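Asker: The following file, input_14.csv, comprises CSV, C-alpha atoms:
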chain,number,residue,atom,x,y,z
A,1,MET,CA,-153.0,77.1,59.8
A,2,ASP,CA,-152.2,74.4,62.4
A,3,ARG,CA,-153.4,74.3,66.0
A,4,ARG,CA,-150.0,75.3,67.4
A,5,SER,CA,-149.7,78.4,65.2
A,6,PHE,CA,-153.3,79.4,65.9
A,7,PHE,CA,-152.9,79.4,69.7
A,8,LYS,CA,-149.5,81.2,69.5
A,9,LYS,CA,-151.1,84.0,67.5
A,10,ALA,CA,-154.1,84.1,69.8
A,11,ALA,CA,-151.8,84.4,72.8
A,12,VAL,CA,-150.0,87.3,71.3
A,13,THR,CA,-153.3,89.0,70.4
A,14,GLY,CA,-154.6,88.4,73.9
A,15,ALA,CA,-151.5,89.9,75.5
A,16,GLY,CA,-151.7,92.9,73.2
A,17,ALA,CA,-155.3,93.5,74.2
A,18,ALA,CA,-154.4,93.2,77.9
A,19,ALA,CA,-151.5,95.6,77.4
A,20,ALA,CA,-153.8,98.1,75.6
A,21,THR,CA,-156.2,97.9,78.6
A,22,VAL,CA,-153.3,98.6,81.0
A,23,LEU,CA,-152.1,101.5,78.9
A,24,ALA,CA,-155.6,102.9,78.7
A,25,ALA,CA,-156.2,103.0,82.4
A,26,PRO,CA,-154.1,106.0,83.2
A,27,ALA,CA,-155.8,108.0,80.4
A,28,ILE,CA,-159.2,107.2,81.9
A,29,ALA,CA,-158.1,108.0,85.4
A,30,GLN,CA,-156.6,111.2,84.1
A,31,SER,CA,-159.9,112.3,82.5
A,32,ALA,CA,-161.7,111.9,85.8
A,33,PRO,CA,-159.3,113.2,88.5
A,34,LYS,CA,-160.2,113.6,92.1
A,35,VAL,CA,-161.2,117.3,92.6
A,36,THR,CA,-162.5,118.8,95.9
A,37,TRP,CA,-164.0,122.3,96.1
A,38,ARG,CA,-165.4,124.4,98.9
A,39,LEU,CA,-168.5,126.5,98.3
A,40,THR,CA,-169.4,129.4,100.6
A,41,SER,CA,-173.0,130.5,100.6
A,42,SER,CA,-174.4,133.9,101.4
A,43,PHE,CA,-177.5,132.2,103.0
A,44,PRO,CA,-178.2,130.5,106.4
A,45,LYS,CA,-178.9,126.7,106.5
A,46,SER,CA,-182.3,127.5,108.1
A,47,LEU,CA,-183.5,128.8,104.7
A,48,ASP,CA,-183.8,125.4,103.0
A,49,THR,CA,-185.0,126.8,99.7
A,50,ILE,CA,-182.3,129.3,98.9
A,51,TYR,CA,-179.4,127.7,100.8
A,52,GLY,CA,-180.7,124.4,99.4
A,53,GLY,CA,-179.5,125.5,95.9
A,54,ALA,CA,-175.9,125.0,97.0
A,55,GLU,CA,-176.7,121.5,98.3
A,56,ASP,CA,-178.4,120.6,95.0
A,57,ILE,CA,-175.4,121.7,93.1
A,58,ALA,CA,-173.1,119.6,95.2
A,59,LYS,CA,-175.3,116.4,95.0
A,60,HIS,CA,-175.7,116.6,91.3
A,61,VAL,CA,-172.0,117.2,90.6
A,62,ALA,CA,-171.0,114.2,92.7
A,63,ALA,CA,-173.6,112.0,91.1
A,64,ALA,CA,-172.6,113.0,87.6
A,65,THR,CA,-168.9,112.3,88.2
A,66,ASP,CA,-169.1,109.1,90.3
A,67,GLY,CA,-167.9,111.1,93.3
A,68,ASN,CA,-164.7,112.2,91.7
A,69,PHE,CA,-165.6,115.9,91.8
A,70,THR,CA,-167.0,116.9,95.2
A,71,ILE,CA,-168.2,120.3,96.4
A,72,GLN,CA,-168.7,121.0,100.1
A,73,PRO,CA,-171.2,123.7,100.8
A,74,PHE,CA,-170.7,126.0,103.8
A,75,ALA,CA,-173.4,128.4,105.2
A,76,ALA,CA,-172.9,132.2,105.5
A,77,GLY,CA,-170.4,132.9,108.2
A,78,GLU,CA,-168.8,129.5,108.4
A,79,ILE,CA,-165.9,130.5,106.2
A,80,VAL,CA,-166.6,134.1,105.4
A,81,PRO,CA,-169.5,136.5,106.0
A,82,ALA,CA,-172.4,136.6,103.4
A,83,GLY,CA,-171.1,139.9,101.9
A,84,GLN,CA,-167.6,138.6,101.3
A,85,ALA,CA,-168.5,135.5,99.3
A,86,LEU,CA,-167.5,137.0,95.9
A,87,ASP,CA,-164.2,138.2,97.3
A,88,ALA,CA,-163.4,134.8,98.7
A,89,VAL,CA,-163.9,133.3,95.3
A,90,SER,CA,-162.0,136.0,93.4
A,91,ASN,CA,-158.9,135.6,95.6
A,92,ALA,CA,-159.2,131.8,95.7
A,93,THR,CA,-159.9,131.5,99.4
A,94,VAL,CA,-162.6,129.1,98.2
A,95,GLU,CA,-163.3,127.8,94.7
A,96,MET,CA,-166.9,128.7,94.5
A,97,CYS,CA,-169.8,130.6,96.1
A,98,HIS,CA,-173.6,130.7,95.9
A,99,THR,CA,-174.8,134.2,96.3
A,100,CYS,CA,-176.6,137.2,94.6
A,101,SER,CA,-174.7,139.3,92.2
A,102,TYR,CA,-176.4,142.5,93.3
A,103,TYR,CA,-175.0,142.2,96.8
A,104,PHE,CA,-171.8,143.6,95.3
A,105,VAL,CA,-173.1,146.8,93.7
A,106,GLY,CA,-170.6,148.7,95.9
A,107,LYS,CA,-167.9,147.4,93.6
A,108,ASP,CA,-169.8,148.2,90.4
A,109,PRO,CA,-173.5,148.9,89.7
A,110,THR,CA,-173.2,146.3,86.8
A,111,PHE,CA,-173.4,143.6,89.4
A,112,ALA,CA,-177.0,144.5,90.0
A,113,ILE,CA,-178.1,143.4,86.5
A,114,GLY,CA,-176.8,139.8,87.3
A,115,THR,CA,-179.6,139.4,89.9
A,116,ALA,CA,-182.4,141.9,89.3
A,117,ILE,CA,-182.9,145.6,88.8
A,118,PRO,CA,-186.1,147.6,89.5
A,119,PHE,CA,-188.7,146.9,86.8
A,120,GLY,CA,-186.5,144.3,85.2
A,121,LEU,CA,-187.2,140.7,84.0
A,122,ASN,CA,-189.5,138.2,85.6
A,123,ALA,CA,-188.1,134.7,86.3
A,124,ARG,CA,-189.1,133.2,83.0
A,125,LEU,CA,-187.7,136.0,81.0
A,126,SER,CA,-184.5,136.0,83.1
A,127,ASN,CA,-183.9,132.4,82.1
A,128,ALA,CA,-184.5,133.3,78.4
A,129,TRP,CA,-182.2,136.3,78.5
A,130,PHE,CA,-179.4,134.5,80.3
A,131,TYR,CA,-179.5,131.2,78.4
A,132,GLU,CA,-180.6,132.2,74.9
A,133,GLY,CA,-180.0,136.0,74.9
A,134,ASN,CA,-176.8,137.8,75.8
A,135,GLY,CA,-177.1,137.6,79.5
A,136,ASN,CA,-174.5,134.9,80.3
A,137,LYS,CA,-172.2,136.1,77.6
A,138,PHE,CA,-172.1,139.8,78.5
A,139,LEU,CA,-172.1,139.3,82.3
A,140,ASN,CA,-169.3,136.8,82.2
A,141,GLU,CA,-167.2,139.2,80.2
A,142,PHE,CA,-167.8,141.6,83.1
A,143,TYR,CA,-167.3,139.0,85.9
A,144,ALA,CA,-164.0,138.0,84.3
A,145,LYS,CA,-162.6,141.3,85.4
A,146,HIS,CA,-163.1,140.2,88.9
A,147,ASN,CA,-161.6,136.7,88.3
A,148,VAL,CA,-164.9,134.8,88.5
A,149,TYR,CA,-167.2,132.9,86.2
A,150,GLY,CA,-170.9,132.9,86.9
A,151,LEU,CA,-173.9,130.7,86.1
A,152,PRO,CA,-177.5,131.1,87.1
A,153,ALA,CA,-178.2,128.7,90.0
A,154,GLY,CA,-181.5,129.7,91.4
A,155,ASN,CA,-184.5,132.0,91.1
A,156,THR,CA,-187.2,133.0,93.7
A,157,GLY,CA,-189.7,134.4,91.2
A,158,ALA,CA,-191.3,137.8,91.8
A,159,GLN,CA,-190.8,138.7,95.4
A,160,MET,CA,-192.9,140.6,98.0
A,161,GLY,CA,-192.4,144.3,98.5
A,162,GLY,CA,-191.5,144.0,102.2
A,163,TRP,CA,-192.5,144.4,105.8
A,164,PHE,CA,-193.4,147.9,107.2
A,165,ARG,CA,-194.3,149.1,110.7
A,166,LYS,CA,-196.6,151.7,109.2
A,167,GLU,CA,-198.9,152.0,106.2
A,168,ILE,CA,-197.4,153.2,102.9
A,169,ASN,CA,-200.3,154.8,101.1
A,170,THR,CA,-198.5,157.6,99.2
A,171,VAL,CA,-195.1,158.4,98.0
A,172,ASP,CA,-194.6,160.8,100.9
A,173,ASP,CA,-195.0,157.9,103.4
A,174,PHE,CA,-191.6,156.6,102.3
A,175,LYS,CA,-189.8,159.7,103.6
A,176,GLY,CA,-187.5,158.9,106.5
A,177,VAL,CA,-188.2,155.2,106.4
A,178,LYS,CA,-185.1,153.1,107.2
A,179,MET,CA,-185.4,150.1,105.1
A,180,ARG,CA,-183.3,147.0,104.5
A,181,ILE,CA,-183.2,146.7,100.7
A,182,ALA,CA,-180.7,145.2,98.3
A,183,GLY,CA,-179.2,146.1,95.0
A,184,LEU,CA,-179.9,149.2,93.0
A,185,ALA,CA,-183.4,149.3,94.5
A,186,GLY,CA,-181.8,151.3,97.4
A,187,ARG,CA,-180.8,154.1,95.1
A,188,VAL,CA,-184.3,154.1,93.5
A,189,VAL,CA,-186.3,154.4,96.8
A,190,GLU,CA,-183.7,156.8,98.2
A,191,LYS,CA,-185.0,159.3,95.6
A,192,LEU,CA,-188.4,158.9,97.3
A,193,GLY,CA,-187.0,159.6,100.8
A,194,VAL,CA,-186.2,156.1,102.0
A,195,VAL,CA,-182.9,155.6,104.0
A,196,PRO,CA,-181.6,152.3,102.5
A,197,GLN,CA,-179.8,149.8,104.6
A,198,GLN,CA,-177.6,146.8,103.5
A,199,ILE,CA,-178.2,144.0,106.0
A,200,PRO,CA,-177.6,140.2,105.5
A,201,GLY,CA,-180.7,138.0,105.7
A,202,GLY,CA,-179.8,136.5,109.1
A,203,ASP,CA,-179.6,139.9,110.7
A,204,ILE,CA,-182.9,141.4,109.5
A,205,TYR,CA,-185.1,140.1,112.3
A,206,PRO,CA,-183.1,141.5,115.2
A,207,ALA,CA,-182.8,144.9,113.3
A,208,LEU,CA,-186.6,145.0,113.0
A,209,GLU,CA,-187.1,143.9,116.5
A,210,LYS,CA,-184.8,146.5,118.0
A,211,GLY,CA,-186.2,149.3,115.8
A,212,THR,CA,-182.8,149.8,114.0
A,213,ILE,CA,-184.8,149.7,110.8
A,214,ASP,CA,-188.5,150.5,110.1
A,215,ALA,CA,-189.0,148.1,107.1
A,216,ALA,CA,-187.3,145.3,105.3
A,217,GLU,CA,-187.6,143.2,102.2
A,218,TRP,CA,-186.2,139.7,101.9
A,219,VAL,CA,-187.8,137.1,99.5
A,220,GLY,CA,-191.4,136.0,99.9
A,221,PRO,CA,-193.9,134.3,102.2
A,222,TYR,CA,-192.1,131.0,102.8
A,223,ASP,CA,-188.7,132.5,103.8
A,224,ASP,CA,-190.2,135.5,105.4
A,225,HIS,CA,-192.4,133.4,107.6
A,226,LYS,CA,-189.5,131.2,108.6
A,227,LEU,CA,-187.5,134.3,109.6
A,228,GLY,CA,-190.5,135.5,111.7
A,229,PHE,CA,-190.9,139.0,110.4
A,230,TYR,CA,-194.7,138.8,111.0
A,231,LYS,CA,-193.9,138.9,114.7
A,232,VAL,CA,-192.4,142.4,114.7
A,233,THR,CA,-194.1,144.2,111.8
A,234,LYS,CA,-197.8,144.4,110.7
A,235,TYR,CA,-197.9,145.4,107.0
A,236,TYR,CA,-196.8,143.2,104.2
A,237,TYR,CA,-196.6,144.9,100.8
A,238,TYR,CA,-196.4,143.6,97.2
A,239,PRO,CA,-194.9,143.4,94.7
A,240,ALA,CA,-191.2,143.9,94.9
A,241,PHE,CA,-190.9,145.9,91.7
A,242,TRP,CA,-187.2,145.7,92.1
A,243,GLU,CA,-187.2,141.9,92.0
A,244,GLY,CA,-189.4,140.5,89.3
A,245,GLY,CA,-187.3,137.4,88.8
A,246,PRO,CA,-184.0,137.6,90.8
A,247,VAL,CA,-181.3,135.2,89.8
A,248,ILE,CA,-179.1,133.5,92.4
A,249,HIS,CA,-175.6,132.9,91.0
A,250,ALA,CA,-172.9,130.3,91.4
A,251,PHE,CA,-169.6,132.0,91.0
A,252,MET,CA,-166.4,130.0,90.4
A,253,ASN,CA,-162.9,131.2,90.6
A,254,LEU,CA,-162.0,131.8,86.9
A,255,ASP,CA,-158.7,130.0,87.1
A,256,LYS,CA,-160.2,127.0,88.9
A,257,TRP,CA,-163.1,126.9,86.4
A,258,ASN,CA,-160.7,126.9,83.4
A,259,ALA,CA,-158.6,124.1,85.0
A,260,LEU,CA,-161.5,121.7,85.3
A,261,PRO,CA,-161.8,118.9,82.7
A,262,LYS,CA,-164.5,119.7,80.2
A,263,SER,CA,-166.7,116.9,81.5
A,264,TYR,CA,-166.6,118.5,85.0
A,265,GLN,CA,-167.5,121.9,83.6
A,266,ALA,CA,-170.5,120.3,81.9
A,267,ALA,CA,-171.5,118.5,85.1
A,268,LEU,CA,-171.3,121.7,87.1
A,269,SER,CA,-173.1,123.7,84.5
A,270,ASP,CA,-175.9,121.1,84.4
A,271,ALA,CA,-176.0,121.0,88.3
A,272,CYS,CA,-176.4,124.8,88.3
A,273,ALA,CA,-179.2,124.6,85.8
A,274,PHE,CA,-181.0,122.1,87.9
A,275,ALA,CA,-180.7,124.2,91.0
A,276,ASN,CA,-182.1,127.1,89.0
A,277,THR,CA,-185.2,125.2,88.1
A,278,SER,CA,-185.6,123.4,91.4
A,279,MET,CA,-185.5,126.5,93.5
A,280,MET,CA,-188.2,128.2,91.5
A,281,ALA,CA,-190.4,125.0,91.8
A,282,LYS,CA,-189.8,125.0,95.6
A,283,TYR,CA,-191.0,128.6,96.1
A,284,ASP,CA,-194.0,128.1,93.8
A,285,THR,CA,-195.0,125.1,95.9
A,286,LYS,CA,-194.3,126.5,99.4
A,287,ASN,CA,-195.4,130.2,99.1
A,288,PRO,CA,-199.1,129.6,98.7
A,289,THR,CA,-199.3,127.8,102.0
A,290,ALA,CA,-197.0,130.3,103.7
A,291,ILE,CA,-199.0,133.4,102.7
A,292,LYS,CA,-202.1,131.8,104.2
A,293,GLN,CA,-200.2,131.2,107.5
A,294,ILE,CA,-198.9,134.8,107.5
A,295,VAL,CA,-202.4,136.3,107.0
A,296,SER,CA,-203.9,134.0,109.7
A,297,GLN,CA,-201.4,135.3,112.2
A,298,GLY,CA,-202.5,138.9,111.9
A,299,THR,CA,-200.5,140.3,109.0
A,300,THR,CA,-202.2,142.9,106.8
A,301,LEU,CA,-201.5,142.4,103.1
A,302,ARG,CA,-201.4,145.6,101.0
A,303,PRO,CA,-200.5,146.4,97.3
A,304,PHE,CA,-198.3,149.3,96.5
A,305,SER,CA,-200.5,151.9,94.9
A,306,GLN,CA,-200.3,152.8,91.2
A,307,GLU,CA,-199.0,156.2,92.2
A,308,ILE,CA,-196.1,154.6,94.1
A,309,LEU,CA,-195.3,152.2,91.3
A,310,GLU,CA,-195.3,155.0,88.7
A,311,ALA,CA,-193.0,157.2,90.9
A,312,CYS,CA,-190.6,154.3,91.5
A,313,TYR,CA,-190.6,153.5,87.8
A,314,LYS,CA,-189.7,157.1,87.0
A,315,ALA,CA,-187.0,157.1,89.6
A,316,SER,CA,-185.6,153.9,88.3
A,317,LEU,CA,-185.2,155.3,84.8
A,318,GLU,CA,-183.4,158.3,86.3
A,319,VAL,CA,-181.0,156.0,88.1
A,320,TYR,CA,-180.2,154.0,85.0
A,321,LYS,CA,-179.6,157.2,83.0
A,322,GLU,CA,-177.2,158.4,85.7
A,323,ILE,CA,-175.2,155.2,85.9
A,324,SER,CA,-175.1,154.7,82.1
A,325,ALA,CA,-173.6,158.2,81.7
A,326,SER,CA,-170.4,157.1,83.5
A,327,ASN,CA,-170.4,153.3,83.2
A,328,GLU,CA,-170.1,151.9,79.6
A,329,THR,CA,-170.3,148.3,80.7
A,330,PHE,CA,-173.5,148.9,82.7
A,331,LYS,CA,-175.0,150.8,79.7
A,332,LYS,CA,-174.2,148.0,77.3
A,333,ILE,CA,-175.7,145.2,79.3
A,334,TYR,CA,-178.7,147.3,80.6
A,335,GLU,CA,-179.7,148.4,77.1
A,336,ASP,CA,-179.4,144.8,75.8
A,337,GLN,CA,-181.7,143.6,78.5
A,338,VAL,CA,-184.2,146.4,77.8
A,339,ALA,CA,-184.3,145.6,74.1
A,340,PHE,CA,-184.9,141.9,75.0
A,341,LYS,CA,-187.6,142.8,77.4
A,342,LYS,CA,-189.5,145.0,74.9
A,343,GLU,CA,-189.7,142.1,72.4
A,344,ALA,CA,-190.5,139.5,75.1
A,345,TYR,CA,-193.5,141.4,76.6
A,346,LEU,CA,-194.9,142.0,73.1
A,347,TRP,CA,-195.3,138.3,72.9
A,348,MET,CA,-196.1,137.5,76.6
A,349,GLN,CA,-199.1,139.9,76.7
A,350,LEU,CA,-200.7,137.8,74.0
A,351,SER,CA,-199.9,134.4,75.6
A,352,GLU,CA,-199.0,134.1,79.2
A,353,TYR,CA,-200.8,137.3,80.4
A,354,THR,CA,-204.1,136.6,78.7
A,355,TYR,CA,-204.1,132.9,79.8
A,356,ASP,CA,-203.1,133.6,83.4
A,357,THR,CA,-205.5,136.5,83.8
A,358,PHE,CA,-208.4,134.2,82.7
A,359,MET,CA,-207.4,131.4,85.0
A,360,MET,CA,-207.0,133.8,88.0
A,361,ILE,CA,-210.5,135.1,87.4
A,362,GLN,CA,-211.7,131.5,87.6
A,363,GLN,CA,-209.8,131.0,90.8
A,364,ARG,CA,-211.3,134.1,92.4
A,365,SER,CA,-214.8,133.2,91.4
A,366,GLY,CA,-214.4,129.8,92.9
A,367,LYS,CA,-214.7,127.9,89.6
A,368,LEU,CA,-211.2,126.5,89.7
What do you get writing this file as structure tokens?

Answerer:
Amino acid sequence: MDRRSFFKKAAVTGAGAAAATVLAAPAIAQSAPKVTWRLTSSFPKSLDTIYGGAEDIAKHVAAATDGNFTIQPFAAGEIVPAGQALDAVSNATVEMCHTCSYYFVGKDPTFAIGTAIPFGLNARLSNAWFYEGNGNKFLNEFYAKHNVYGLPAGNTGAQMGGWFRKEINTVDDFKGVKMRIAGLAGRVVEKLGVVPQQIPGGDIYPALEKGTIDAAEWVGPYDDHKLGFYKVTKYYYYPAFWEGGPVIHAFMNLDKWNALPKSYQAALSDACAFANTSMMAKYDTKNPTAIKQIVSQGTTLRPFSQEILEACYKASLEVYKEISASNETFKKIYEDQVAFKKEAYLWMQLSEYTYDTFMMIQQRSGKL
């Protein structure tokens, strides 16, 4: 091959490569389109832990997509009130929300299982059931009926049992108590004489201060201290038997979710999983300090008695039986979770429970 022929062929090859690059550019751009979503939260910005989950999702999605997929979070009330977050996503007013599934039990009791039900799963088992069990599968079959797709995007861990103006020593002490309480727990404690109230987090303090309600549960020490409940009530009970490991959900409009490129779906799924882990870590870090502050400011800590817990457990089983009799979807998902829980606790009582109990004894005896 002479020099002239060689350079001629090289020029053709170079031009072809350049053309291929030019032709490939639109395909690359097409796979990473500019997408902008709005997210409405059911929580106020002042609660950096639980509202922060939405911010974590937005930051991680933007980083994973080089800023091509952006999500703008809005606090409760900035677009719609806290209790309308799911509807806003369902009807595509916004593309996404960050909320608790059990806020919407008025639509269908099945929504409660998405967050937590009385004497349900703890945080670790919630993750196991959602990710490796049938949790995500069964619940998304249900959520699809409301035109949304859901992913776990936060967990608070076992919560506190709430703030009370008076002591709750026996089951009878619940009678007539007006209490802010979420999800199916309201139906359970109603059987014991409580008058349940559905009130958004940001409205709990004024309701307690004015005496509109006698008691309230929210999350735990860090958030409850920030909201100032210790200023208007004296008794702080534990545990929240209705919230052993409540899941906070990211709900996406189903059509908008399905329209996303697969890479964006993966980025959003991973971002939600990070928010789920990060929120739990934040609460586990902040609650120990907060509970000390609360006690030092005059709050009296009290456990619910065994009598109360047994009565509430019995009432819970009655509620589940009543709902299951007329709601096949609830029955299917509830029974699947119970079957999972039975097997999980068989193992955890040998491992986690035994280990944690020993270490707590060391902590109490000052050896830790």

Asker: Measuring between all atoms listed in the file, which one of A:Thr300, A:Asp214, A:Pro206, A:Ala240 shows the shortest distance to Leu227 (chain A)?

Answerer: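 Nearest candidate to Leu227 (chain A) out of A:Thr300, A:Asp214, A:Pro206, A:Ala240: A:Pro206.
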
Asker: Using all atoms listed in the file for the distances, tell me which of A:Ala311, A:Ala250, A:Met360, A:Val171 is nearest to Glu55 (chain A).

Answerer: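 Closest to Glu55 (chain A) of all the choices is A:Ala250.
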
Asker: Using all atoms listed in the file for the distances, tell me which of A:Lys321, A:Arg180, A:Lys286, A:Arg187 is nearest to Gly202 (chain A).

Answerer: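 So, comparing all the options, the nearest one is A:Arg180.
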
Asker: I'd like the contact shell of Pro221 (chain A) - 7 Å cut-off, all atoms listed in the file, skipping same-chain residues fewer than 3 positions apart - returned as a list in words.

Answerer: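 Non-adjacent residues within range: Asp224, His225, Asn287, Ala290 and Ile291 of chain A.
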
Asker: Residues within 12 Å of (-165.4, 127.5, 84.7), file coordinates, counting only C-alpha atoms: what are they? Give the list as a ChimeraX atom specification.

Answerer: /A:95-96,140,143-144,147-151,250-269,272

Asker: Compare A:Val319, A:Gly157, A:Lys191, A:Ile308 by their minimum atom-to-atom distance to Lys282 (chain A), counting all atoms listed in the file, and give me the closest one.

Answerer: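 Of A:Val319, A:Gly157, A:Lys191, A:Ile308, the one nearest Lys282 (chain A) is A:Gly157, counting all atoms listed in the file.
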
Asker: Which residues, written as a list in words, have at least one atom at most 7 Å from Val219 (chain A), with only C-alpha atoms counted and residues fewer than 2 positions away on the same chain left out?

Answerer: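 These residues fall inside the cut-off: Gln159, Met160, Glu217, Asp223 and Asp224 of chain A.
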
Asker: Name the residues in contact with Val247 (chain A) at a cut-off of 9 Å, using only C-alpha atoms, excluding same-chain residues fewer than 5 positions from it; report them as a PyMOL selection string.

Answerer: chain A and resi 100-101+114-116+123+126-127+152-157+276

Asker: Could you write those residues out with C-alpha atoms, as an mmCIF file, keeping the file's coordinate frame?

Answerer:
data_model
loop_
_atom_site.group_PDB
_atom_site.id
_atom_site.type_symbol
_atom_site.label_atom_id
_atom_site.label_comp_id
_atom_site.auth_asym_id
_atom_site.auth_seq_id
_atom_site.Cartn_x
_atom_site.Cartn_y
_atom_site.Cartn_z
ATOM 1 C CA CYS A 100 -176.600 137.200 94.600
ATOM 2 C CA SER A 101 -174.700 139.300 92.200
ATOM 3 C CA GLY A 114 -176.800 139.800 87.300
ATOM 4 C CA THR A 115 -179.600 139.400 89.900
ATOM 5 C CA ALA A 116 -182.400 141.900 89.300
ATOM 6 C CA ALA A 123 -188.100 134.700 86.300
ATOM 7 C CA SER A 126 -184.500 136.000 83.100
ATOM 8 C CA ASN A 127 -183.900 132.400 82.100
ATOM 9 C CA PRO A 152 -177.500 131.100 87.100
ATOM 10 C CA ALA A 153 -178.200 128.700 90.000
ATOM 11 C CA GLY A 154 -181.500 129.700 91.400
ATOM 12 C CA ASN A 155 -184.500 132.000 91.100
ATOM 13 C CA THR A 156 -187.200 133.000 93.700
ATOM 14 C CA GLY A 157 -189.700 134.400 91.200
ATOM 15 C CA ASN A 276 -182.100 127.100 89.000
#

Asker: What's the separation between CA of Gly183 (chain A) and CA of Pro246 (chain A), in Å to one decimal place?

Answerer: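 Between CA of Gly183 (chain A) and CA of Pro246 (chain A) the gap is 10.6 Å.
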
Asker: With distances taken over all atoms listed in the file, which of A:Ile168, A:Ala275, A:Cys312, A:Ala325 is nearest to His60 (chain A)?

Answerer: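 Closest residue, counting all atoms listed in the file: A:Ala275.
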
Asker: What is the distance between CA of Ile323 (chain A) and CA of Tyr103 (chain A), in Å to one decimal?

Answerer: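 Separation of CA of Ile323 (chain A) and CA of Tyr103 (chain A): 17.0 Å.
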
Asker: Tell me, in Å to one decimal, how far CA of Phe69 (chain A) is from CA of Ala32 (chain A).

Answerer: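 Pair CA of Phe69 (chain A) / CA of Ala32 (chain A) returns 8.2 Å.
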
Asker: Leaving out region 36-44 of chain A and any residue of its chain fewer than 6 positions from it, which residues lie within 10 Å of it when counting only C-alpha atoms, given as a PDB file with C-alpha atoms, in the frame of the given file?

Answerer:
ATOM      1  CA  ILE A  50    -182.300 129.300  98.900  1.00  0.00           C
ATOM      2  CA  TYR A  51    -179.400 127.700 100.800  1.00  0.00           C
ATOM      3  CA  GLY A  52    -180.700 124.400  99.400  1.00  0.00           C
ATOM      4  CA  GLY A  53    -179.500 125.500  95.900  1.00  0.00           C
ATOM      5  CA  ALA A  54    -175.900 125.000  97.000  1.00  0.00           C
ATOM      6  CA  GLU A  55    -176.700 121.500  98.300  1.00  0.00           C
ATOM      7  CA  ILE A  57    -175.400 121.700  93.100  1.00  0.00           C
ATOM      8  CA  ALA A  58    -173.100 119.600  95.200  1.00  0.00           C
ATOM      9  CA  GLY A  67    -167.900 111.100  93.300  1.00  0.00           C
ATOM     10  CA  ASN A  68    -164.700 112.200  91.700  1.00  0.00           C
ATOM     11  CA  PHE A  69    -165.600 115.900  91.800  1.00  0.00           C
ATOM     12  CA  THR A  70    -167.000 116.900  95.200  1.00  0.00           C
ATOM     13  CA  ILE A  71    -168.200 120.300  96.400  1.00  0.00           C
ATOM     14  CA  GLN A  72    -168.700 121.000 100.100  1.00  0.00           C
ATOM     15  CA  PRO A  73    -171.200 123.700 100.800  1.00  0.00           C
ATOM     16  CA  PHE A  74    -170.700 126.000 103.800  1.00  0.00           C
ATOM     17  CA  ALA A  75    -173.400 128.400 105.200  1.00  0.00           C
ATOM     18  CA  ALA A  76    -172.900 132.200 105.500  1.00  0.00           C
ATOM     19  CA  GLY A  77    -170.400 132.900 108.200  1.00  0.00           C
ATOM     20  CA  GLU A  78    -168.800 129.500 108.400  1.00  0.00           C
ATOM     21  CA  ILE A  79    -165.900 130.500 106.200  1.00  0.00           C
ATOM     22  CA  VAL A  80    -166.600 134.100 105.400  1.00  0.00           C
ATOM     23  CA  PRO A  81    -169.500 136.500 106.000  1.00  0.00           C
ATOM     24  CA  ALA A  82    -172.400 136.600 103.400  1.00  0.00           C
ATOM     25  CA  GLY A  83    -171.100 139.900 101.900  1.00  0.00           C
ATOM     26  CA  GLN A  84    -167.600 138.600 101.300  1.00  0.00           C
ATOM     27  CA  ALA A  85    -168.500 135.500  99.300  1.00  0.00           C
ATOM     28  CA  LEU A  86    -167.500 137.000  95.900  1.00  0.00           C
ATOM     29  CA  ALA A  88    -163.400 134.800  98.700  1.00  0.00           C
ATOM     30  CA  VAL A  89    -163.900 133.300  95.300  1.00  0.00           C
ATOM     31  CA  THR A  93    -159.900 131.500  99.400  1.00  0.00           C
ATOM     32  CA  VAL A  94    -162.600 129.100  98.200  1.00  0.00           C
ATOM     33  CA  GLU A  95    -163.300 127.800  94.700  1.00  0.00           C
ATOM     34  CA  MET A  96    -166.900 128.700  94.500  1.00  0.00           C
ATOM     35  CA  CYS A  97    -169.800 130.600  96.100  1.00  0.00           C
ATOM     36  CA  HIS A  98    -173.600 130.700  95.900  1.00  0.00           C
ATOM     37  CA  THR A  99    -174.800 134.200  96.300  1.00  0.00           C
ATOM     38  CA  CYS A 100    -176.600 137.200  94.600  1.00  0.00           C
ATOM     39  CA  TYR A 103    -175.000 142.200  96.800  1.00  0.00           C
ATOM     40  CA  PRO A 200    -177.600 140.200 105.500  1.00  0.00           C
ATOM     41  CA  GLY A 201    -180.700 138.000 105.700  1.00  0.00           C
ATOM     42  CA  GLY A 202    -179.800 136.500 109.100  1.00  0.00           C
ATOM     43  CA  ALA A 250    -172.900 130.300  91.400  1.00  0.00           C
ATOM     44  CA  PHE A 251    -169.600 132.000  91.000  1.00  0.00           C
ATOM     45  CA  MET A 252    -166.400 130.000  90.400  1.00  0.00           C
ATOM     46  CA  LYS A 256    -160.200 127.000  88.900  1.00  0.00           C
TER      47      LYS A 256
END

Asker: Ranking A:Ser316, A:Thr170, A:Thr233, A:Thr289 by minimum distance to Phe304 (chain A) and counting all atoms listed in the file, which one comes first?

Answerer: A:Thr170

Asker: Near Ile213 (chain A), within 10 Å and counting all atoms listed in the file, which residues show up once chain neighbours fewer than 6 positions away are dropped, as number ranges by chain?

Answerer: A: 164-165, 177-180, 195-197, 199, 204-207
